[in-house]
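Accompanying notes for the structure given below.
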Amino acid sequence: AGLALGLIAVAPYLPPPYAKLLFVSVWMTFAVALFKLNARGRDRRVYKSALESDQALNDSMTEHGSDDEQKDTKVELTPDEKKQKQKRCIVLFFTGIFGGLCSAVAGSGIDIASFSILTLFYRVSEKVATPTSVVLMAINAILGMCFRFMGLGGAYSEGQEIAVWNFVSVCVPIVVLGAPLGATISARLPRHWLAYLIYFLDTVQFVSALVVIRPWSKPSPTNIWLCVTSGATLIVGSAIFFLIANAGSDRGEAELKSGVAKIADEMEYAPGSKAIEGEEVNEGV
């Protein structure tokens, strides 16, 4: 839906320099937010999926010392779990809409949008989010080609359709080999190395876009508007991604506090142990 909307209502009316600068500015702010999140807790807990992250949060909200066997045999979702599932679907739906809009404008976006929400908010490991975003981008690229050949975003002018197929013929061999290879390598590298690579690539992407486009050298008032929109995107994007990262950190802190409290409860009521003068001493066996 976001891809189709972007092709119809956004991409035809947005000049290429604006599209490029907006794209690199948004993802530069994401790299900064991810760096801040990892710097705050280098060894923070990460998950394999958004569902697992929600389950951990739900467990932290339940009463300490709950019956684990009852959890294992539970079939129906609790009201809290249903609410979290609905929230997860809404968050991922609007992430897809935003990513589709970015893909329509810049050719890529659903991959980075999904990667950002998974790593910042749900705290999914970068090693898991990388292949997930690659698969989503592959599906998005195929849909984008189909939409364009259907006429969304305007009909191709003479010679453009041939150029599109030429680009596809060049990209297919690289993507067929590069995407699985990249996903395989990312699954074997420590997640911090992937994060460092993201910081580096997003910075190079942003700087190279400024060098190539040189917004300050464009005729007036285009130069002013390019600089203003890019700066505004950096400010607004930073605020949004920092809010998402902080929300993810709050989820992690809630789980950590709950885990500490649960351990304390288990030690206090564990059979064969007693508290003497503030210290827990295990009785001899």
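Letters A, B, ... go to the chains of the structure tokens in the order shown; residues in each chain start at 1; ligands are counted from 1 in the same order.
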request  = Find the spatial neighbours of segment 109-123 of chain A, counting only C-alpha atoms, within a cut-off of 6 Å - ignore same-chain residues fewer than 6 positions away - and output them as a list in words.
outcome  =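 Here the answer would be Val46, Ala50, Ser53, Gly99, Gly100, Cys102, Ser103, Ala129, Ser133, Met137, Ile244, Ala245 and Gly248 of chain A.
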message = Taking only segment 128-179 of chain A into account, list the residues labelled alpha helix (DSSP H) by DSSP (computed from the backbone), as a PyMOL selection string.
response = chain A and resi 128-149+160-179
query = Residues at most 12 Å from Phe206 of chain A, counting only C-alpha atoms, excluding those fewer than 4 positions away in the same chain, as number ranges by chain?
reply = A: 20-31, 199-202, 210-214, 230, 234
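Coordinates place atom CA of Ala209 of chain A at a distance of 28.5 Å from atom CA of Val128 of chain A.
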request  = Write out as a ChimeraX atom specification each polymer residue whose atoms come within 9 Å of Ala195 of chain A, counting only C-alpha atoms; drop sequence neighbours fewer than 6 positions from it.
outcome  = /A:31,34-35,38,126
N, CA, C and O atoms of the current selection, written as a short mmCIF file (atom, residue, chain, number, x, y, z; two decimals), in the first residue's frame:
data_model
loop_
_atom_site.label_atom_id
_atom_site.label_comp_id
_atom_site.auth_asym_id
_atom_site.auth_seq_id
_atom_site.Cartn_x
_atom_site.Cartn_y
_atom_site.Cartn_z
N ALA A 31 21.16 5.78 12.09
CA ALA A 31 22.47 5.28 12.51
C ALA A 31 22.89 5.93 13.84
O ALA A 31 23.45 5.26 14.71
N LEU A 34 20.83 4.30 16.63
CA LEU A 34 21.31 2.95 16.93
C LEU A 34 22.62 2.99 17.69
O LEU A 34 22.84 2.21 18.63
N PHE A 35 23.49 3.92 17.31
CA PHE A 35 24.75 4.08 18.04
C PHE A 35 24.49 4.47 19.49
O PHE A 35 25.12 3.94 20.42
N ASN A 38 23.17 1.37 21.42
CA ASN A 38 24.21 0.38 21.71
C ASN A 38 25.25 0.92 22.68
O ASN A 38 25.82 0.16 23.48
N GLU A 126 20.67 -7.48 15.44
CA GLU A 126 21.01 -7.06 14.08
C GLU A 126 21.26 -8.25 13.17
O GLU A 126 21.03 -8.17 11.96
#
request  = Would you list the contacts of Lys48 of chain A as a list in words, taking every protein, DNA or RNA residue within 7 Å and counting only C-alpha atoms, but skipping same-chain residues closer than 2 positions in sequence?
outcome  =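 My reading of the contact set: Glu52, Val124, Ser125 and Val128 of chain A.
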For those residues, write C-alpha atoms to a file as a PDB file, in the first residue's frame.
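Output contents, as saved in again03.pdb:
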ATOM      1  CA  GLU A  52       9.756 -12.939  21.463  1.00  0.00           C
ATOM      2  CA  VAL A 124      15.787  -7.710  17.793  1.00  0.00           C
ATOM      3  CA  SER A 125      19.393  -8.679  17.117  1.00  0.00           C
ATOM      4  CA  VAL A 128      18.266 -11.449  12.672  1.00  0.00           C
TER       5      VAL A 128
END
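Using only C-alpha atoms, the smallest distance between any of A:Gln205, A:Ser238, A:Gly178, A:Gly231 and Tyr18 of chain A comes from A:Gly231.
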request  = Tell me, as number ranges by chain, which residues lie within 12 Å of Tyr13 of chain A, counting only C-alpha atoms; anything in the same chain fewer than 5 positions away does not count.
outcome  = A: 6-8, 18-19, 104-105, 153-154
ask   = How many Å lie between atom CA of Leu181 of chain A and atom CA of Ser108 of chain A, rounded to one decimal?
value = 19.2 Å
Atom-to-atom span, atom CA of Gln84 of chain A and atom CA of Asn58 of chain A, Å = 8.3 Å
message = Could you check the closest approach to Pro131 of chain A for each of A:Ala183, A:Leu51, A:Leu14, A:Val168 and tell me which residue wins, using only C-alpha atoms?
response =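 Of the candidates, the smallest distance to Pro131 of chain A is held by A:Ala183.
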Option closest in space to Asp43 of chain A, from A:Arg191, A:Thr95, A:Gly237, A:Asn246 [counting only C-alpha atoms] =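 Looking only at the distances to Asp43 of chain A, the closest residue turns out to be A:Arg191.
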